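K.L.:
Handing over structure-v5.txt, compact mmCIF, C-alpha atoms and all ligand atoms.
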```
# COMPACT_ATOMS: atom_id res chain seq x y z
CA MET A 1399 -55.66 -19.29 -10.75
CA PHE A 1400 -52.10 -18.04 -10.68
CA THR A 1401 -50.86 -15.04 -12.56
CA LEU A 1402 -47.64 -15.61 -14.44
CA ASN A 1403 -45.88 -13.52 -11.85
CA LYS A 1404 -47.11 -15.59 -8.96
CA ARG A 1405 -46.21 -18.81 -10.74
CA GLY A 1406 -42.79 -17.34 -11.45
CA SER A 1407 -42.29 -16.40 -7.84
CA MET A 1408 -43.45 -19.82 -6.57
CA GLN A 1409 -40.97 -21.44 -8.89
CA ALA A 1410 -38.26 -19.10 -7.58
CA GLN A 1411 -39.10 -20.03 -3.97
CA LYS A 1412 -38.66 -23.73 -4.83
CA VAL A 1413 -35.30 -23.00 -6.43
CA PHE A 1414 -34.13 -20.99 -3.41
CA ALA A 1415 -35.16 -23.79 -1.04
CA GLU A 1416 -33.21 -26.27 -3.19
CA ILE A 1417 -30.14 -24.01 -3.07
CA GLU A 1418 -30.41 -23.87 0.75
CA GLU A 1419 -30.51 -27.69 0.77
CA LEU A 1420 -27.24 -27.71 -1.18
CA LYS A 1421 -25.42 -25.49 1.31
CA THR A 1422 -23.22 -28.27 2.73
CA ASP A 1423 -22.28 -29.53 -0.74
CA MET A 1424 -21.38 -25.99 -1.79
CA THR A 1425 -19.16 -25.55 1.25
CA ASN A 1426 -17.43 -28.87 0.60
CA VAL A 1427 -16.81 -28.12 -3.07
CA LEU A 1428 -15.37 -24.71 -2.26
CA MET A 1429 -13.05 -26.29 0.31
CA GLN A 1430 -11.88 -28.95 -2.17
CA LEU A 1431 -11.07 -26.34 -4.79
CA VAL A 1432 -9.12 -23.93 -2.59
CA ARG A 1433 -6.82 -26.76 -1.46
CA ILE A 1434 -5.29 -26.73 -4.94
CA PRO A 1435 -3.05 -23.69 -5.52
CA ALA A 1436 -3.48 -22.05 -8.93
CA ILE A 1437 -0.67 -19.52 -9.05
CA ALA A 1438 0.60 -17.86 -12.23
CA PRO A 1439 4.12 -18.59 -13.55
CA GLU A 1440 4.95 -14.89 -13.05
CA ASN A 1441 4.68 -15.60 -9.33
CA GLY A 1442 6.55 -18.89 -9.48
CA GLY A 1443 3.44 -21.08 -9.80
CA GLU A 1444 2.40 -23.91 -12.11
CA GLY A 1445 -0.82 -22.30 -13.32
CA GLU A 1446 -4.36 -23.58 -12.96
CA LEU A 1447 -4.38 -27.10 -14.46
CA GLY A 1448 -4.67 -29.06 -11.19
CA LYS A 1449 -7.61 -26.96 -10.03
CA ALA A 1450 -9.24 -27.08 -13.49
CA GLU A 1451 -9.06 -30.89 -13.59
CA ARG A 1452 -10.71 -31.18 -10.20
CA LEU A 1453 -13.35 -28.72 -11.37
CA MET A 1454 -14.00 -30.81 -14.51
CA GLN A 1455 -14.82 -33.78 -12.24
CA ILE A 1456 -17.07 -31.64 -10.02
CA ILE A 1457 -19.15 -30.28 -12.90
CA SER A 1458 -19.39 -33.60 -14.78
CA ASP A 1459 -22.61 -34.65 -13.03
CA VAL A 1460 -24.33 -31.26 -12.73
CA GLY A 1461 -26.25 -31.76 -15.96
CA PHE A 1462 -24.57 -29.37 -18.39
CA ASP A 1463 -25.38 -29.96 -22.08
CA GLU A 1464 -21.81 -29.27 -23.18
CA ILE A 1465 -18.48 -28.85 -21.46
CA GLU A 1466 -15.65 -27.49 -23.60
CA ARG A 1467 -11.99 -26.80 -22.96
CA HIS A 1468 -10.27 -23.81 -24.55
CA ASP A 1469 -6.76 -24.18 -23.20
CA ALA A 1470 -4.09 -21.63 -24.11
CA ALA A 1471 -0.51 -22.74 -24.77
CA ASP A 1472 2.01 -21.47 -22.24
CA GLU A 1473 5.59 -22.75 -22.27
CA ARG A 1474 6.29 -21.36 -18.81
CA VAL A 1475 4.30 -24.02 -16.94
CA SER A 1476 5.21 -27.72 -16.93
CA SER A 1477 1.85 -28.80 -18.41
CA LYS A 1478 2.43 -26.22 -21.20
CA LYS A 1479 -1.18 -25.11 -20.96
CA ARG A 1480 -3.45 -22.70 -19.16
CA PRO A 1481 -6.93 -24.18 -18.86
CA ASN A 1482 -10.21 -22.43 -19.71
CA ILE A 1483 -13.53 -24.24 -19.28
CA VAL A 1484 -16.93 -23.40 -20.76
CA ALA A 1485 -19.96 -25.33 -19.42
CA ARG A 1486 -23.24 -24.69 -21.25
CA CYS A 1487 -26.83 -25.35 -20.37
CA LYS A 1488 -29.28 -24.80 -23.22
CA GLY A 1489 -32.33 -22.65 -22.57
CA GLU A 1490 -35.65 -21.96 -24.31
CA SER A 1491 -33.99 -19.08 -26.14
CA THR A 1492 -30.58 -19.47 -27.72
CA LYS A 1493 -30.44 -15.98 -29.19
CA GLU A 1494 -28.68 -14.66 -26.11
CA THR A 1495 -26.41 -16.44 -23.67
CA LEU A 1496 -26.08 -15.46 -20.04
CA TRP A 1497 -22.38 -15.84 -19.20
CA ILE A 1498 -21.14 -16.06 -15.64
CA ILE A 1499 -17.38 -15.66 -15.73
CA THR A 1500 -15.12 -16.56 -12.82
CA HIS A 1501 -11.38 -17.06 -12.61
CA LEU A 1502 -9.41 -20.12 -11.52
CA ASP A 1503 -6.16 -18.41 -10.65
CA ILE A 1504 -5.28 -16.88 -7.32
CA VAL A 1505 -2.65 -14.46 -6.06
CA PRO A 1506 0.15 -15.90 -3.88
CA PRO A 1507 -0.62 -16.11 -0.16
CA GLY A 1508 2.00 -13.50 0.78
CA GLU A 1509 3.70 -13.35 4.19
CA ASP A 1510 3.09 -16.73 5.89
CA SER A 1511 3.12 -15.36 9.44
CA LEU A 1512 0.12 -13.12 8.69
CA TRP A 1513 -2.08 -16.21 8.16
CA THR A 1514 -3.17 -16.57 11.77
CA VAL A 1515 -6.51 -18.39 11.32
CA THR A 1516 -5.27 -21.24 9.13
CA LYS A 1517 -2.61 -21.97 6.51
CA PRO A 1518 -3.47 -20.53 3.07
CA PHE A 1519 -4.23 -23.92 1.43
CA GLU A 1520 -5.74 -25.66 4.46
CA PRO A 1521 -9.30 -24.35 4.46
CA ILE A 1522 -11.27 -24.27 7.69
CA VAL A 1523 -14.79 -23.13 8.53
CA LYS A 1524 -15.12 -20.70 11.41
CA GLU A 1525 -18.21 -18.70 12.33
CA GLY A 1526 -19.84 -19.20 8.94
CA LYS A 1527 -16.73 -18.26 6.98
CA ILE A 1528 -14.40 -20.45 4.94
CA TYR A 1529 -10.81 -19.30 5.36
CA ALA A 1530 -8.24 -19.98 2.60
CA ARG A 1531 -6.40 -18.18 -0.20
CA GLY A 1532 -8.76 -17.88 -3.14
CA SER A 1533 -11.87 -18.57 -1.06
CA GLU A 1534 -13.51 -15.22 -1.79
CA ASP A 1535 -11.48 -14.32 -4.88
CA ASN A 1536 -12.89 -16.01 -6.94
CA THR A 1537 -13.89 -19.53 -5.84
CA GLN A 1538 -16.96 -18.30 -3.94
CA SER A 1539 -18.64 -17.01 -7.10
CA MET A 1540 -17.42 -20.01 -9.12
CA VAL A 1541 -19.20 -22.40 -6.74
CA SER A 1542 -22.31 -20.17 -6.54
CA SER A 1543 -22.65 -20.22 -10.33
CA ILE A 1544 -22.27 -24.04 -10.50
CA PHE A 1545 -24.87 -24.66 -7.79
CA ALA A 1546 -27.34 -22.21 -9.30
CA ILE A 1547 -27.42 -24.52 -12.34
CA LYS A 1548 -27.36 -27.67 -10.22
CA ALA A 1549 -30.44 -26.55 -8.26
CA LEU A 1550 -32.37 -25.80 -11.47
CA LYS A 1551 -31.34 -29.17 -12.97
CA ASN A 1552 -32.26 -31.07 -9.78
CA LEU A 1553 -35.76 -29.60 -10.01
CA GLY A 1554 -36.02 -30.23 -13.75
CA ILE A 1555 -36.63 -26.55 -14.47
CA LYS A 1556 -36.09 -25.46 -18.07
CA LEU A 1557 -33.87 -22.39 -18.32
CA ARG A 1558 -35.32 -19.31 -19.98
CA ARG A 1559 -32.10 -18.61 -21.81
CA THR A 1560 -28.87 -20.47 -22.46
CA VAL A 1561 -26.50 -20.11 -19.54
CA ALA A 1562 -22.77 -20.62 -19.93
CA LEU A 1563 -20.39 -20.80 -17.02
CA CYS A 1564 -16.88 -19.82 -17.91
CA PHE A 1565 -13.91 -20.66 -15.70
CA VAL A 1566 -10.84 -18.82 -16.86
CA ALA A 1567 -7.10 -18.75 -16.25
CA ASP A 1568 -4.72 -15.83 -15.84
CA GLU A 1569 -7.08 -13.13 -14.54
CA GLU A 1570 -4.65 -11.78 -11.97
CA GLN A 1571 -1.85 -11.23 -14.51
CA GLY A 1572 -3.70 -9.56 -17.37
CA SER A 1573 -5.88 -12.36 -18.86
CA THR A 1574 -3.77 -13.07 -21.97
CA TYR A 1575 -4.18 -16.84 -21.42
CA GLY A 1576 -7.70 -16.47 -20.03
CA ILE A 1577 -10.59 -14.28 -21.14
CA GLN A 1578 -8.58 -12.57 -23.89
CA HIS A 1579 -7.87 -15.99 -25.40
CA LEU A 1580 -11.61 -16.80 -25.38
CA ILE A 1581 -12.56 -13.43 -26.88
CA LYS A 1582 -10.08 -14.08 -29.71
CA ARG A 1583 -11.85 -17.38 -30.34
CA ARG A 1584 -15.09 -15.43 -30.84
CA LEU A 1585 -17.12 -17.16 -28.18
CA PHE A 1586 -19.14 -14.07 -27.36
CA LYS A 1587 -21.87 -12.23 -29.28
CA LYS A 1588 -23.13 -8.63 -28.98
CA GLU A 1589 -26.49 -9.85 -27.61
CA ASP A 1590 -24.89 -11.85 -24.82
CA LEU A 1591 -25.34 -10.98 -21.18
CA ILE A 1592 -22.09 -10.91 -19.25
CA VAL A 1593 -21.75 -11.13 -15.48
CA VAL A 1594 -18.34 -11.07 -13.85
CA PRO A 1595 -18.85 -11.84 -10.16
CA ASP A 1596 -15.40 -10.67 -9.12
CA GLY A 1597 -16.07 -7.58 -7.01
CA GLY A 1598 -18.87 -5.88 -5.16
CA ASN A 1599 -19.89 -4.93 -1.65
CA GLY A 1600 -21.02 -6.57 1.58
CA THR A 1601 -24.76 -6.40 0.92
CA GLY A 1602 -24.71 -7.24 -2.78
CA SER A 1603 -26.32 -3.93 -3.74
CA PHE A 1604 -23.46 -2.63 -5.88
CA VAL A 1605 -23.46 -3.21 -9.64
CA GLU A 1606 -20.22 -2.11 -11.29
CA ILE A 1607 -20.60 -0.86 -14.86
CA ALA A 1608 -17.61 1.45 -15.25
CA GLU A 1609 -14.07 1.96 -14.20
CA LYS A 1610 -11.59 4.80 -14.09
CA SER A 1611 -8.39 5.02 -16.12
CA ALA A 1612 -5.22 4.64 -14.10
CA LEU A 1613 -1.96 6.53 -14.50
CA TRP A 1614 1.09 6.06 -12.30
CA PHE A 1615 4.26 8.01 -12.93
CA LYS A 1616 7.61 8.86 -11.45
CA VAL A 1617 9.01 12.42 -11.50
CA ARG A 1618 12.79 12.70 -11.38
CA THR A 1619 14.29 16.16 -10.82
CA LEU A 1620 18.02 16.68 -11.27
CA GLY A 1621 19.76 19.78 -9.89
CA LYS A 1622 23.21 20.10 -8.33
CA GLN A 1623 24.18 18.86 -4.88
CA THR A 1624 26.05 21.23 -2.58
CA HIS A 1625 26.61 22.25 1.06
CA ALA A 1626 23.46 23.67 2.64
CA SER A 1627 25.33 26.72 3.92
CA ARG A 1628 26.09 27.80 0.35
CA PRO A 1629 22.97 26.86 -1.64
CA GLY A 1630 23.91 29.34 -4.37
CA ASP A 1631 26.68 26.96 -5.47
CA GLY A 1632 24.19 24.22 -6.32
CA LEU A 1633 20.62 23.77 -7.48
CA ASN A 1634 18.17 22.34 -4.95
CA ALA A 1635 16.38 19.49 -6.72
CA HIS A 1636 14.12 18.91 -3.73
CA ARG A 1637 12.72 22.46 -3.88
CA VAL A 1638 12.17 22.33 -7.65
CA GLY A 1639 10.64 18.86 -7.34
CA MET A 1640 8.19 20.04 -4.68
CA GLU A 1641 7.29 23.17 -6.62
CA TYR A 1642 6.66 21.14 -9.75
CA ALA A 1643 4.63 18.51 -7.88
CA LEU A 1644 2.43 21.12 -6.21
CA ALA A 1645 1.92 23.07 -9.44
CA LEU A 1646 1.03 19.85 -11.25
CA ASP A 1647 -1.34 18.82 -8.46
CA LYS A 1648 -3.14 22.18 -8.80
CA LEU A 1649 -3.24 22.12 -12.60
CA LEU A 1650 -4.69 18.60 -12.83
CA HIS A 1651 -7.34 19.17 -10.16
CA LYS A 1652 -8.39 22.46 -11.76
CA LYS A 1653 -8.50 21.33 -15.38
CA TYR A 1654 -9.98 17.85 -14.82
CA ALA A 1655 -12.50 18.74 -12.14
CA ALA A 1656 -15.63 17.06 -13.50
CA LYS A 1657 -17.68 14.86 -11.18
CA ASP A 1658 -19.71 11.81 -12.08
CA LYS A 1659 -22.08 10.65 -9.37
CA HIS A 1660 -21.84 7.06 -10.60
CA PHE A 1661 -18.33 6.85 -9.23
CA ASP A 1662 -17.08 6.64 -5.69
CA PRO A 1663 -15.33 9.02 -5.22
CA PRO A 1664 -17.17 11.00 -7.92
CA GLU A 1665 -14.14 12.96 -9.15
CA SER A 1666 -10.82 12.05 -10.75
CA THR A 1667 -8.04 11.71 -8.20
CA PHE A 1668 -4.46 12.97 -8.63
CA GLU A 1669 -2.32 12.08 -5.65
CA PRO A 1670 1.38 12.64 -5.02
CA THR A 1671 2.24 9.42 -3.14
CA LYS A 1672 5.60 7.73 -2.86
CA LYS A 1673 8.82 9.68 -2.25
CA ASP A 1674 12.29 8.21 -2.73
CA LYS A 1675 14.93 8.93 -0.15
CA ASN A 1676 17.36 11.73 -1.12
CA VAL A 1677 20.39 12.83 0.89
CA ASP A 1678 21.67 11.34 4.18
CA ALA A 1679 22.33 14.55 6.07
CA VAL A 1680 20.39 17.69 6.95
CA ASN A 1681 23.19 19.95 5.76
CA ILE A 1682 23.27 18.74 2.15
CA VAL A 1683 21.28 20.39 -0.62
CA PRO A 1684 19.90 17.47 -2.65
CA GLY A 1685 20.96 17.17 -6.27
CA GLU A 1686 18.25 14.63 -7.06
CA ASP A 1687 14.60 14.35 -6.10
CA VAL A 1688 12.22 11.52 -7.00
CA SER A 1689 8.49 11.40 -6.27
CA TYR A 1690 5.46 9.55 -7.64
CA PHE A 1691 1.84 10.23 -8.53
CA ASP A 1692 -1.16 7.91 -8.58
CA CYS A 1693 -4.02 9.22 -10.76
CA ARG A 1694 -7.48 7.64 -11.21
CA ILE A 1695 -9.25 9.38 -14.02
CA LEU A 1696 -12.90 9.51 -15.04
CA PRO A 1697 -13.29 7.58 -18.31
CA HIS A 1698 -14.44 10.52 -20.45
CA TYR A 1699 -11.12 12.33 -20.05
CA SER A 1700 -8.27 11.68 -22.49
CA VAL A 1701 -5.31 10.09 -20.75
CA GLU A 1702 -3.08 11.33 -23.61
CA GLU A 1703 -4.13 14.94 -22.99
CA ILE A 1704 -3.36 14.59 -19.28
CA LEU A 1705 0.04 13.12 -20.10
CA SER A 1706 0.82 15.99 -22.40
CA ASP A 1707 -0.10 18.46 -19.61
CA ILE A 1708 2.21 16.61 -17.21
CA ASN A 1709 5.10 16.75 -19.70
CA GLY A 1710 4.32 20.32 -20.77
CA LEU A 1711 4.53 21.56 -17.18
CA ALA A 1712 7.79 19.63 -16.69
CA SER A 1713 9.37 21.42 -19.63
CA ALA A 1714 8.11 24.81 -18.37
CA TYR A 1715 9.78 24.11 -15.00
CA ARG A 1716 12.96 22.99 -16.75
CA GLN A 1717 13.16 26.35 -18.50
CA LYS A 1718 12.22 28.33 -15.40
CA THR A 1719 14.66 26.66 -12.99
CA GLY A 1720 17.45 25.08 -15.02
CA ALA A 1721 16.79 21.69 -13.35
CA LYS A 1722 16.17 18.61 -15.44
CA ILE A 1723 12.71 17.15 -14.86
CA SER A 1724 11.78 13.84 -16.43
CA VAL A 1725 8.49 11.99 -16.17
CA GLU A 1726 8.48 8.20 -16.44
CA LEU A 1727 5.21 6.24 -16.76
CA THR A 1728 5.02 3.17 -14.54
CA GLN A 1729 1.41 2.23 -15.29
CA LYS A 1730 -1.16 3.35 -17.84
CA THR A 1731 -4.58 1.70 -18.16
CA VAL A 1732 -7.14 3.46 -20.29
CA ALA A 1733 -10.68 2.69 -19.12
CA PRO A 1734 -13.09 1.40 -21.74
CA LYS A 1735 -16.42 3.10 -22.35
CA PRO A 1736 -18.77 2.27 -19.44
CA THR A 1737 -21.55 -0.27 -19.87
CA ASP A 1738 -24.82 1.58 -20.51
CA VAL A 1739 -27.06 1.81 -17.42
CA THR A 1740 -29.98 0.72 -19.60
CA ALA A 1741 -28.24 -2.38 -21.01
CA LYS A 1742 -30.33 -5.53 -20.60
CA ILE A 1743 -27.82 -7.22 -18.30
CA VAL A 1744 -27.83 -4.21 -15.93
CA LEU A 1745 -31.64 -4.16 -15.76
CA MET A 1746 -31.84 -7.94 -15.30
CA LEU A 1747 -29.37 -7.92 -12.44
CA GLU A 1748 -31.04 -4.93 -10.78
CA GLU A 1749 -34.38 -6.74 -10.99
CA ALA A 1750 -32.87 -9.87 -9.40
CA ILE A 1751 -31.31 -7.85 -6.56
CA LYS A 1752 -34.64 -6.14 -5.90
CA SER A 1753 -36.77 -9.26 -5.97
CA VAL A 1754 -34.41 -11.68 -4.20
CA ARG A 1755 -32.72 -9.36 -1.71
CA HIS A 1756 -35.29 -6.57 -1.41
CA LEU A 1757 -32.47 -4.06 -1.79
CA LYS A 1758 -32.17 -0.94 -3.87
CA PRO A 1759 -29.27 -1.59 -6.28
CA LYS A 1760 -26.62 1.08 -6.76
CA VAL A 1761 -25.12 1.15 -10.24
CA GLY A 1762 -21.72 2.76 -10.60
CA GLY A 1763 -18.01 2.63 -11.08
CA ILE A 1764 -15.00 1.80 -8.94
CA GLY A 1765 -11.34 0.97 -9.41
CA GLY A 1766 -11.84 -1.63 -12.13
CA GLY A 1767 -9.40 -4.29 -13.25
CA THR A 1768 -11.58 -7.36 -13.92
CA CYS A 1769 -12.48 -9.48 -16.98
CA ALA A 1770 -15.39 -7.09 -17.61
CA ALA A 1771 -13.05 -4.45 -19.07
CA PHE A 1772 -12.23 -6.73 -22.03
CA PHE A 1773 -15.93 -7.00 -22.93
CA ARG A 1774 -16.52 -3.27 -22.61
CA ARG A 1775 -13.59 -2.75 -24.95
CA ILE A 1776 -15.38 -4.73 -27.69
CA ASP A 1777 -18.71 -3.08 -26.94
CA ILE A 1778 -20.37 -5.98 -25.16
CA PRO A 1779 -22.12 -4.78 -22.01
CA ALA A 1780 -20.76 -6.39 -18.84
CA VAL A 1781 -21.47 -6.04 -15.13
CA VAL A 1782 -19.30 -6.84 -12.15
CA TRP A 1783 -21.31 -7.99 -9.17
CA SER A 1784 -21.06 -10.27 -6.14
CA THR A 1785 -21.55 -10.13 -2.38
CA VAL A 1786 -18.16 -9.95 -0.75
CA ASP A 1787 -16.42 -8.58 2.31
CA GLU A 1788 -13.58 -7.49 0.00
CA MET A 1789 -11.05 -9.95 1.42
CA ALA A 1790 -9.39 -10.47 -1.99
CA HIS A 1791 -5.56 -10.59 -1.88
CA GLN A 1792 -5.50 -10.24 1.92
CA PRO A 1793 -4.06 -12.61 4.53
CA ASN A 1794 -6.79 -14.62 6.30
CA GLU A 1795 -8.97 -14.30 3.18
CA TYR A 1796 -12.39 -15.83 3.73
CA ALA A 1797 -15.69 -16.43 1.94
CA LYS A 1798 -18.95 -16.13 3.87
CA ILE A 1799 -21.09 -19.25 3.42
CA GLU A 1800 -24.15 -17.02 3.50
CA ASN A 1801 -22.86 -15.11 0.45
CA LEU A 1802 -21.98 -18.36 -1.32
CA VAL A 1803 -25.58 -19.55 -0.97
CA ASN A 1804 -27.37 -16.25 -1.55
CA ASP A 1805 -25.42 -15.28 -4.67
CA ALA A 1806 -26.42 -18.64 -6.20
CA LYS A 1807 -30.05 -17.54 -5.79
CA ILE A 1808 -29.39 -14.37 -7.80
CA PHE A 1809 -27.69 -16.37 -10.59
CA ALA A 1810 -30.54 -18.89 -10.67
CA SER A 1811 -33.17 -16.19 -10.85
CA MET A 1812 -31.33 -14.52 -13.75
CA ALA A 1813 -31.35 -17.86 -15.58
CA ILE A 1814 -35.14 -18.21 -15.33
CA SER A 1815 -36.25 -14.56 -15.42
CA PRO A 1816 -38.25 -13.36 -18.46
ZN ZN B 1 -10.64 -11.79 -8.65
```
Reformat the file's structure so that it appears as structure tokens.
P.N.:
Amino acid sequence: MFTLNKRGSMQAQKVFAEIEELKTDMTNVLMQLVRIPAIAPENGGEGELGKAERLMQIISDVGFDEIERHDAADERVSSKKRPNIVARCKGESTKETLWIITHLDIVPPGEDSLWTVTKPFEPIVKEGKIYARGSEDNTQSMVSSIFAIKALKNLGIKLRRTVALCFVADEEQGSTYGIQHLIKRRLFKKEDLIVVPDGGNGTGSFVEIAEKSALWFKVRTLGKQTHASRPGDGLNAHRVGMEYALALDKLLHKKYAAKDKHFDPPESTFEPTKKDKNVDAVNIVPGEDVSYFDCRILPHYSVEEILSDINGLASAYRQKTGAKISVELTQKTVAPKPTDVTAKIVLMLEEAIKSVRHLKPKVGGIGGGTCAAFFRRIDIPAVVWSTVDEMAHQPNEYAKIENLVNDAKIFASMAISP
């Protein structure tokens, strides 16, 4: 007599063996997909339609109950549309849907000469890795999610819950024509379980539930240029700029010093980074000084309050020195409230990582910037998870075949878990 648990685990073993059997098919499908560039119009591309149409053919015989298109109109591409695909498989329970969301678009390949293993759109397999632009980001997870369902369908296993695979456009450029378009169409419910396999670590132990806010700004200090032998005739913008930058650095670190062990690193970061060139000669006192800060802020802090501190200190230094200091924002992303560590999707994924990989999952936050943020913003819990070597956006990007296969096992076990 089997206990439910044993029966469950025997079923899982059958599914995993089936996924292993499908390894060659998975590799071939990934290679077919990455041959088709899906670059955003912002980067001179024609969008995702070619890749989406190939994908529609690939998923047509998997056994989905419904396949829908939710294309968004976009005049900038010749097809005038940005494709979004939803493929559903009905489960015993329809009260919650497990969504696995991956993106069709890729970033441009970048400098051609840096692609030394193969050309960006001519995939090759080498030492268990598939090299091509878009292989890891995000085609690997896309193919894993499709074959998780295919394996279950091949074995005639009824899903515990409805599973929907979502293949979206425009992730790399802000998701207006992708996940934001689908959220506007009200495809998602509060009870739904959202997985965005578009980030993670090399072992697959990291579950991302939170992100930091990001603030980039430029500080321009204007003084008066003069000969370095007579500094009293001018106003050294470089000195005032440095003094301001150091004082600001100190103020921000002191006032916003909280640590949150869920993040790596655990504290907010405030870094003076880029510095524009000033004068050409050593004997000139600079009349202008430009430097930049990159700040990554824990989500409980108010970005507005930090901005007002930055501007407040600039006006104090203006008064103190007579130089003009202006602060110009170049990027501001306010992090949504983190997904609760006790949300069902977090617990389900942790359970799958433990039982399939025998690893202790680590739940936490990192840089952010995936489709998950849009769900957190509307209070739907979402996790970012996958097993990746973090080759996204790099030359010689690759996907490990081992990760392609093993992540499918995690998705399949989430589809059939209680
Ligand atoms: Zn991505």
K.L.:
Which residues come within 8 Å of Glu1466 of chain A, counting only C-alpha atoms, excluding same-chain residues fewer than 5 positions away, as a VMD selection string?
P.N.:
chain A and resid 1483 to 1485
K.L.:
At a cut-off of 8 Å, using only C-alpha atoms, what residues contact segment 1595-1598 of chain A? Leave out same-chain residues fewer than 4 positions from it and give the result as a list in words.
P.N.:
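Residues meeting the cut-off are Ile1498, Ile1499, Thr1500, Asp1535, Asn1536, Ser1539, Gly1602, Ser1603, Phe1604, Val1605, Glu1606, Thr1768, Val1782, Trp1783, Ser1784, Thr1785, Val1786 and Glu1788 of chain A.
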K.L.:
To test the calculation: enclose all listed atoms of segment 1751-1765 of chain A in a box whose edges run along x, y and z, add 5 Å on each side, then state centre and edge lengths in Å to one decimal, as AutoDock Vina command-line options.
P.N.:
```
--center_x -24.1 --center_y -4.5 --center_z -6.2 --size_x 35.4 --size_y 24.4 --size_z 19.7
```
K.L.:
Provide the atom CA of Ala1549 of chain A to atom CA of Gly1461 of chain A distance in Å, to one decimal place.
P.N.:
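Calculated distance between atom CA of Ala1549 of chain A and atom CA of Gly1461 of chain A is 10.2 Å.
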K.L.:
Which residue, A:Asp1568, A:Glu1464, A:Asp1510, A:Glu1444, has the smallest gap to ligand ZN 1 (chain B) when you use all atoms listed in the file?
P.N.:
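That would be A:Asp1568, the residue with the smallest distance to ligand ZN 1 (chain B).
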K.L.:
List as a short mmCIF file (atom, residue, chain, number, x, y, z; two decimals) with C-alpha atoms, in the frame of the given file: which residues have an atom within 6 Å of (-29.3, -3.3, -9.6), counting all atoms listed in the file?
P.N.:
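The file below, out15.cif, is the result:
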```cif
data_model
loop_
_atom_site.label_atom_id
_atom_site.label_comp_id
_atom_site.auth_asym_id
_atom_site.auth_seq_id
_atom_site.Cartn_x
_atom_site.Cartn_y
_atom_site.Cartn_z
CA VAL A 1605 -23.46 -3.21 -9.64
CA LEU A 1747 -29.37 -7.92 -12.44
CA GLU A 1748 -31.04 -4.93 -10.78
CA ILE A 1751 -31.31 -7.85 -6.56
CA PRO A 1759 -29.27 -1.59 -6.28
CA LYS A 1760 -26.62 1.08 -6.76
#
```
K.L.:
Pick out the residues sitting within 8 Å of segment 1646-1660 of chain A, and hand them over as JSON, numbers by chain; count all atoms listed in the file, and ignore anything fewer than 3 positions along from it in its own chain.
P.N.:
{"A": [1642, 1643, 1664, 1665, 1666, 1667, 1668, 1669, 1670, 1696, 1699, 1704, 1708, 1711, 1761, 1762, 1763]}
K.L.:
From the options A:Ala1626, A:Ala1635, A:Ile1528, A:Leu1563, which residue's atoms come nearest to Arg1716 of chain A, counting only C-alpha atoms?
P.N.:
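Counting only C-alpha atoms, the residue closest to Arg1716 of chain A is A:Ala1635.
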K.L.:
Could you check which of A:Pro1697, A:Gly1406, A:Pro1481, A:Pro1779 is closest to Val1593 of chain A, using only C-alpha atoms?
P.N.:
A:Pro1779
K.L.:
I'd like the interatomic distance between atom CA of Lys1582 of chain A and atom CA of Phe1773 of chain A, to a tenth of an Å.
P.N.:
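One can read the atom CA of Lys1582 of chain A to atom CA of Phe1773 of chain A distance as 11.4 Å.
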K.L.:
Smallest atom-to-atom distance to ligand ZN 1 (chain B): which of A:Ile1723, A:Ala1470, A:Val1594, A:Val1523, using all atoms listed in the file?
P.N.:
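Nearest to ligand ZN 1 (chain B): A:Val1594.
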K.L.:
Can you tell me, as JSON, numbers by chain, what residues are no more than 12 Å from Ala1471 of chain A when counting all atoms listed in the file, ignoring any on the same chain fewer than 4 positions away?
P.N.:
{"A": [1445, 1447, 1475, 1476, 1477, 1478, 1479, 1480, 1481, 1482, 1567, 1574, 1575, 1576, 1579]}
K.L.:
Extract, using all atoms listed in the file, all DNA, RNA and protein residues at most 12 Å from Ile1799 of chain A, discarding same-chain residues fewer than 3 positions from it, and format them as an NGL selection string.
P.N.:
:A and (1418 or 1420-1429 or 1522-1529 or 1533-1534 or 1537-1539 or 1541-1542 or 1785-1787 or 1796 or 1802-1806)
K.L.:
State, in Å with one decimal place, the distance from atom CA of Gln1578 of chain A to atom CA of Val1732 of chain A.
P.N.:
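Between these atoms lies a distance of 16.5 Å.
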K.L.:
Using all atoms listed in the file, which residue out of A:Leu1453, A:Met1789, A:Met1408, A:Leu1613 lies closest to ligand ZN 1 (chain B)?
P.N.:
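Comparing A:Leu1453, A:Met1789, A:Met1408, A:Leu1613 against ligand ZN 1 (chain B), the winner is A:Met1789.
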K.L.:
So which one's closest to ligand ZN 1 (chain B), A:Phe1565, A:Tyr1690, A:Phe1414, A:Phe1615? Using only C-alpha atoms and all ligand atoms, please.
P.N.:
A:Phe1565
